Structure formats: C-alpha cells, structure tokens
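Take a look at the structure set out below.
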Amino acid sequence: MTAMTVFFPLDTARLRLQVDEKRKSKTTPAVLLEIIKEEGLLAPYRGWFPVISSLCCSNFVYFYTFNSLKTLWAKGQHSTTGKDLVLGVVAGVVNVLLTTPLWVVNTRLKLQGAKFRNEDIVPTNYKGIIDAFHQIIRDEGALALWNGTFPSLLLVFNPAIQFMFYEGFKRKLLKKQTQLTSLDAFVMGAVAKAVATTLTYPLQTVQSILRFGRHRLNPENRTLGSLKNVLYLLRERVRRFGLMGLYKGLEAKLLQTVLTAALMFLVYEKLTAATFRVMGLKHSRTH
C-alpha cells in the first residue's frame with residue numbers, strides 16, 4: 001500500500017498512454033503535468049482507493065498461495081529456480097481468476113473523467129466500486145468482469161519471472177553472507193521486476209485496453225481477451241504506431257513497478273524476519 005501510494009501517479013501516466021492511443025508519448029513528468037493542467041492537481045491520484053483495494057487482495061492471494069505451495073512442496077528441501085518458477089505460475093493463475101473483476105473495475109474508475117485524445121472511447125459514469133460492478137453486469141454481462149483474462153493468464157509469467165530472478169539472486173548472495181541487507185533486497189527486487197516488466201509489457205498494454213473495454217470496436221473484436229483478439233490488438237498497435245507502439249508508457253511503468261517492487265521486497269523481508277522473531281522461530285535462509 002505504501003509503495004503503490006507513493007508511486008501512484010506513475011501508474012496513472014502509464015495507463016493513459018496505453019489506453020489513449022492518440023495521446024503522444026512524452027516523458028513521464030510531461031505526461032503528468034499535462035494531466036494536472038487539464039484535469040486538476042489530484043487527477044494523478046484518481047482511482048487510488050479501488051486500486052489499493054485490488055492491490056491488497058491481489059498481493060494477499062499471490063503471496064499466500066506462493067508461500068503455502070512452497071511450504072508444501074519443499075518440506076525441508078532446498079528450493080530451486082525451476083520450482084520457484086512453477087510455484088510462481090500456479091500462484092499467478094489462482095490470483096488472476098480470483099481478482100480480475102477487481103482490476104477491471106478499478107481500471108474503469110481510474111480512467112473515469114479523463115480527457116482522452118481518442119474520440120472512439122465511450123465515457124463512463126460510475127458512483128463508486130459497487131455501482132461500477134452493478135453497471136458492468138447490467139450493461140455488459142457478468143463475463144465482462146473477466147475482460148482481459150487471457151492476457152492476464154499469460155502475464156502470470158511476470159511475477160513468476162520476477163520471483164525466479166529474485167530468489168536466484170537471494171540464494172547466491174546468502175552463500176556469501178549470513179543475511180540480506182535493506183539495500184540488497186531493494187536492488188534485487190528492482191532488477192528482478194525490471195526484467196519481468198520489459199519482457200511482458202506488450203501483453204500488459206493489451207490487458208489494459210481489454211479491461212477498460214470502452215473503445216468502439218467492431219463486434220467481432222469485442223471478445224473477452226481471446227488469443228485471436230490479443231493477436232489482433234498487437235498487430236493493430238504495430239501497424240499504426242510501429243514496434244515501439246507496443247512499449248508506449250514503458251518508461252512510466254518501469255519507474256513505477258521497479259520502485260514499487262523494490263520497496264515491496266524490502267518490506268517483505270523485514271516483515272518476514274520480524275514475524276519469525278515474534279514467533280520465536282528461526283528464519284530459514286535457504287529458500
């Protein structure tokens with residue numbers, strides 16, 4: 001929550017560049033200044049509460065599933081990079097299926113009231129989280145809450161790759177020293193997330209477009225994130241904006257996710273160590 005709140009405006013800039021195709025790519029500070037000038041000082045924080053709520057639920061589901069499966073599978077044995085990757089994928093799939101409706105709603109709320117350059121975007125008028133759920137189900141059907149599920153399932157490799165690199169760095173470092181420092185956790189978290197984000201960013205762009213779901217597209221292209229639709233959106237993006245169109249907003253995304261992940265892993269390690277101390281248990285360093 002702390003990390004997401006601190007870096008929330010960066011995510012706002014990223015989402016605008018992904019969804020509003022006609023907004024020109026600029027530096028992150030320039031995009032944020034443009035949003036503030038057009039929509040007000042608090043515009044970069046629009047949708048903060050639903051995003052924080054979704055983030056809390058998503059992180060709880062992911063970390064709980066990952067660590068529970070890790071405990072059951074390892075049973076005192078040393079973990080490996082391959083095991084970490086498999087566990088990360090399984091935890092990611094569970095997370096996607098349970099929390100996608102929350103992310104669809106918070107994407108809609110975050111973009112409500114935005115000054116779009118793309119005239120093909122249909123505006124929304126939600127009064128809050130509950131009203132957004134109600135209107136989406138009433139007007140678009142319950143399945144619309146799972147818009148973008150397919151690219152989201154593909155994106156489970158993002159945290160899986162992130163954890164694979166993080167746990168790999170961690171095991172190597174703990175062979176040379178007895179414990180992680182705050183700087184170690186911060187740097188490893190940042191590098192791991194940067195790699196994962198860069199590799200999967202084009203899918204994240206498609207995911208945002210599908211979750212928003214307010215573009216006036218042809219009926220045949222309004223499927224719920226099928227492979228055909230994902231490929232169609234990727235091709236259209238490349239056709240209209242070139243290969244770099246797939247990475248529009250990457251600067252803001254990297255800044256936001258890398259800094260958020262680094263701070264998250266730092267807090268994660270500190271809380272884990274503190275919890276083990278409070279419980280009077282020895283914190284295992286070989287995992």
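Quick note on naming: the chains in the structure tokens go A, B, ... in the order shown, residues restart at 1 in each chain, and ligands are numbered from 1 in order of appearance.
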
Excluding Thr81 (chain A) and any residue of its chain fewer than 6 positions from it, enumerate the residues within 9 Å of it, using only C-alpha atoms, and give them as an mmCIF file with N, CA and C atoms, in the first residue's frame.
data_model
loop_
_atom_site.group_PDB
_atom_site.id
_atom_site.type_symbol
_atom_site.label_atom_id
_atom_site.label_comp_id
_atom_site.auth_asym_id
_atom_site.auth_seq_id
_atom_site.Cartn_x
_atom_site.Cartn_y
_atom_site.Cartn_z
ATOM 1 N N PHE A 163 9.999 -13.480 -9.402
ATOM 2 C CA PHE A 163 10.383 -14.280 -8.246
ATOM 3 C C PHE A 163 11.547 -15.213 -8.570
ATOM 4 N N MET A 164 11.580 -15.729 -9.778
ATOM 5 C CA MET A 164 12.666 -16.615 -10.182
ATOM 6 C C MET A 164 14.000 -15.889 -10.085
ATOM 7 N N PHE A 165 14.066 -14.662 -10.656
ATOM 8 C CA PHE A 165 15.293 -13.883 -10.595
ATOM 9 C C PHE A 165 15.606 -13.459 -9.160
ATOM 10 N N GLU A 167 14.658 -14.834 -6.230
ATOM 11 C CA GLU A 167 15.087 -15.959 -5.394
ATOM 12 C C GLU A 167 16.465 -16.462 -5.806
ATOM 13 N N GLY A 168 16.774 -16.411 -7.110
ATOM 14 C CA GLY A 168 18.095 -16.811 -7.586
ATOM 15 C C GLY A 168 19.185 -15.888 -7.051
#

List the neighbours of region 89-96 of chain A out to 8 Å using only C-alpha atoms; skip same-chain residues closer than 5 positions along the sequence, and give me the result as a PyMOL selection string. chain A and resi 58+61-63+65-66+149+152-153+156-157+159-160

Resulting file, chosen residues, C-alpha atoms, as a PDB file, in the first residue's frame:
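Okay, again39.pdb is ready:
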ATOM      1  CA  SER A  58      -4.133  -9.475  -5.240  1.00  0.00           C
ATOM      2  CA  VAL A  61      -3.811 -14.097  -2.771  1.00  0.00           C
ATOM      3  CA  TYR A  62      -0.478 -14.294  -4.640  1.00  0.00           C
ATOM      4  CA  PHE A  63       1.892 -14.334  -1.659  1.00  0.00           C
ATOM      5  CA  THR A  65      -0.666 -19.134  -2.470  1.00  0.00           C
ATOM      6  CA  PHE A  66       3.041 -18.935  -3.384  1.00  0.00           C
ATOM      7  CA  THR A 149      -8.374 -12.725 -18.520  1.00  0.00           C
ATOM      8  CA  SER A 152      -3.669 -11.775 -17.661  1.00  0.00           C
ATOM      9  CA  LEU A 153      -3.116 -15.543 -17.567  1.00  0.00           C
ATOM     10  CA  VAL A 156       1.432 -14.795 -14.714  1.00  0.00           C
ATOM     11  CA  PHE A 157       4.946 -15.222 -16.083  1.00  0.00           C
ATOM     12  CA  PRO A 159       5.678 -12.321 -11.214  1.00  0.00           C
ATOM     13  CA  ALA A 160       6.975 -15.826 -11.927  1.00  0.00           C
TER      14      ALA A 160
END

Would you kindly return, as a ChimeraX atom specification, each protein, DNA or RNA residue with an atom no farther than 7 Å from any atom of region 253-266 of chain A, considering only C-alpha atoms and excluding same-chain residues fewer than 6 positions away? /A:3-4,7,10-11,14,182,185-187,189-190,193-194,197

Give the alpha helix (DSSP H) residues of region 1-246 of chain A, as assigned by DSSP on the backbone, as a VMD selection string. chain A and resid 2 to 6 8 to 19 28 to 39 48 to 74 81 to 111 129 to 140 149 to 154 157 to 174 182 to 212 227 to 241

Tell me which of A:Ile52, A:Ile161, A:Leu109, A:Met244 sits closest to Ile136 (chain A), counting only C-alpha atoms. A:Leu109

Find the spatial neighbours of Leu55 (chain A), counting only C-alpha atoms, within a cut-off of 9 Å - ignore same-chain residues fewer than 4 positions away - and output them as number ranges by chain. A: 1, 4, 50-51, 59-60, 103

One decimal place gives the CA of Leu183 (chain A)-CA of Thr12 (chain A) separation as 27.5 Å

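Our summary of the geometry notes that CA of Phe150 (chain A) is positioned 12.6 Å from CA of Ile209 (chain A).
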
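Nearest-residue note for Thr99 (chain A): choosing from A:Gly213, A:Gly148, A:Gly47, A:Pro29, the minimum distance belongs to A:Gly148, counting only C-alpha atoms.
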
Pick from A:His78, A:Thr5, A:Ser68, A:Gly40 nearest to Cys56 (chain A), counting only C-alpha atoms: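 Looking at the shortest contact to Cys56 (chain A), the residue is A:Thr5.
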
Please provide as a PDB file with N, CA, C and O atoms, in the first residue's frame all residues within 12 Å of Lys127 (chain A), with the sequence filter that same-chain residues fewer than 5 positions apart are discarded (counting only C-alpha atoms).
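File written: out_17.pdb
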ATOM      1  N   GLY A  47      -8.854   7.293  -8.587  1.00  0.00           N
ATOM      2  CA  GLY A  47      -8.978   5.844  -8.526  1.00  0.00           C
ATOM      3  C   GLY A  47      -8.043   5.183  -7.536  1.00  0.00           C
ATOM      4  O   GLY A  47      -7.871   3.961  -7.553  1.00  0.00           O
ATOM      5  N   VAL A 105     -12.765  -3.280 -12.690  1.00  0.00           N
ATOM      6  CA  VAL A 105     -13.487  -2.152 -12.087  1.00  0.00           C
ATOM      7  C   VAL A 105     -12.540  -1.006 -11.773  1.00  0.00           C
ATOM      8  O   VAL A 105     -12.847   0.166 -12.056  1.00  0.00           O
ATOM      9  N   ARG A 108     -11.576   0.966 -14.866  1.00  0.00           N
ATOM     10  CA  ARG A 108     -12.655   1.859 -15.309  1.00  0.00           C
ATOM     11  C   ARG A 108     -12.711   3.115 -14.435  1.00  0.00           C
ATOM     12  O   ARG A 108     -12.847   4.242 -14.933  1.00  0.00           O
ATOM     13  N   LEU A 109     -12.638   2.926 -13.112  1.00  0.00           N
ATOM     14  CA  LEU A 109     -12.749   4.059 -12.195  1.00  0.00           C
ATOM     15  C   LEU A 109     -11.542   4.996 -12.307  1.00  0.00           C
ATOM     16  O   LEU A 109     -11.679   6.218 -12.197  1.00  0.00           O
ATOM     17  N   GLN A 112     -12.046   7.194 -15.330  1.00  0.00           N
ATOM     18  CA  GLN A 112     -13.280   7.977 -15.402  1.00  0.00           C
ATOM     19  C   GLN A 112     -12.970   9.467 -15.236  1.00  0.00           C
ATOM     20  O   GLN A 112     -12.259   9.879 -14.327  1.00  0.00           O
ATOM     21  N   GLY A 113     -13.497  10.266 -16.141  1.00  0.00           N
ATOM     22  CA  GLY A 113     -13.257  11.709 -16.091  1.00  0.00           C
ATOM     23  C   GLY A 113     -11.987  12.153 -16.780  1.00  0.00           C
ATOM     24  O   GLY A 113     -11.656  13.335 -16.773  1.00  0.00           O
ATOM     25  N   ALA A 132     -20.046   0.476 -10.036  1.00  0.00           N
ATOM     26  CA  ALA A 132     -19.330   0.029 -11.238  1.00  0.00           C
ATOM     27  C   ALA A 132     -19.606  -1.451 -11.499  1.00  0.00           C
ATOM     28  O   ALA A 132     -19.888  -1.855 -12.631  1.00  0.00           O
ATOM     29  N   PHE A 133     -19.545  -2.273 -10.454  1.00  0.00           N
ATOM     30  CA  PHE A 133     -19.882  -3.694 -10.596  1.00  0.00           C
ATOM     31  C   PHE A 133     -21.304  -3.854 -11.135  1.00  0.00           C
ATOM     32  O   PHE A 133     -21.550  -4.646 -12.057  1.00  0.00           O
ATOM     33  N   HIS A 134     -22.232  -3.095 -10.560  1.00  0.00           N
ATOM     34  CA  HIS A 134     -23.642  -3.190 -10.949  1.00  0.00           C
ATOM     35  C   HIS A 134     -23.845  -2.812 -12.413  1.00  0.00           C
ATOM     36  O   HIS A 134     -24.518  -3.542 -13.170  1.00  0.00           O
ATOM     37  N   GLN A 135     -23.269  -1.680 -12.836  1.00  0.00           N
ATOM     38  CA  GLN A 135     -23.458  -1.221 -14.213  1.00  0.00           C
ATOM     39  C   GLN A 135     -22.803  -2.152 -15.235  1.00  0.00           C
ATOM     40  O   GLN A 135     -23.371  -2.401 -16.313  1.00  0.00           O
TER      41      GLN A 135
END

Tell me, as a PyMOL selection string, which residues lie within 10 Å of Asn67 (chain A), counting only C-alpha atoms; anything in the same chain fewer than 6 positions away does not count. chain A and resi 73+87-88+91

Within 8 Å of Gln18 (chain A) using only C-alpha atoms, minus same-chain residues under 6 positions, as JSON, numbers by chain: {"A": [205, 208, 209, 248, 249]}

Rank A:Leu203, A:Leu15, A:Val31, A:Leu234 by their smallest atom-to-atom distance to Arg46 (chain A), using only C-alpha atoms, and report the top residue only.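 Distance minimum relative to Arg46 (chain A) lands on A:Leu15.
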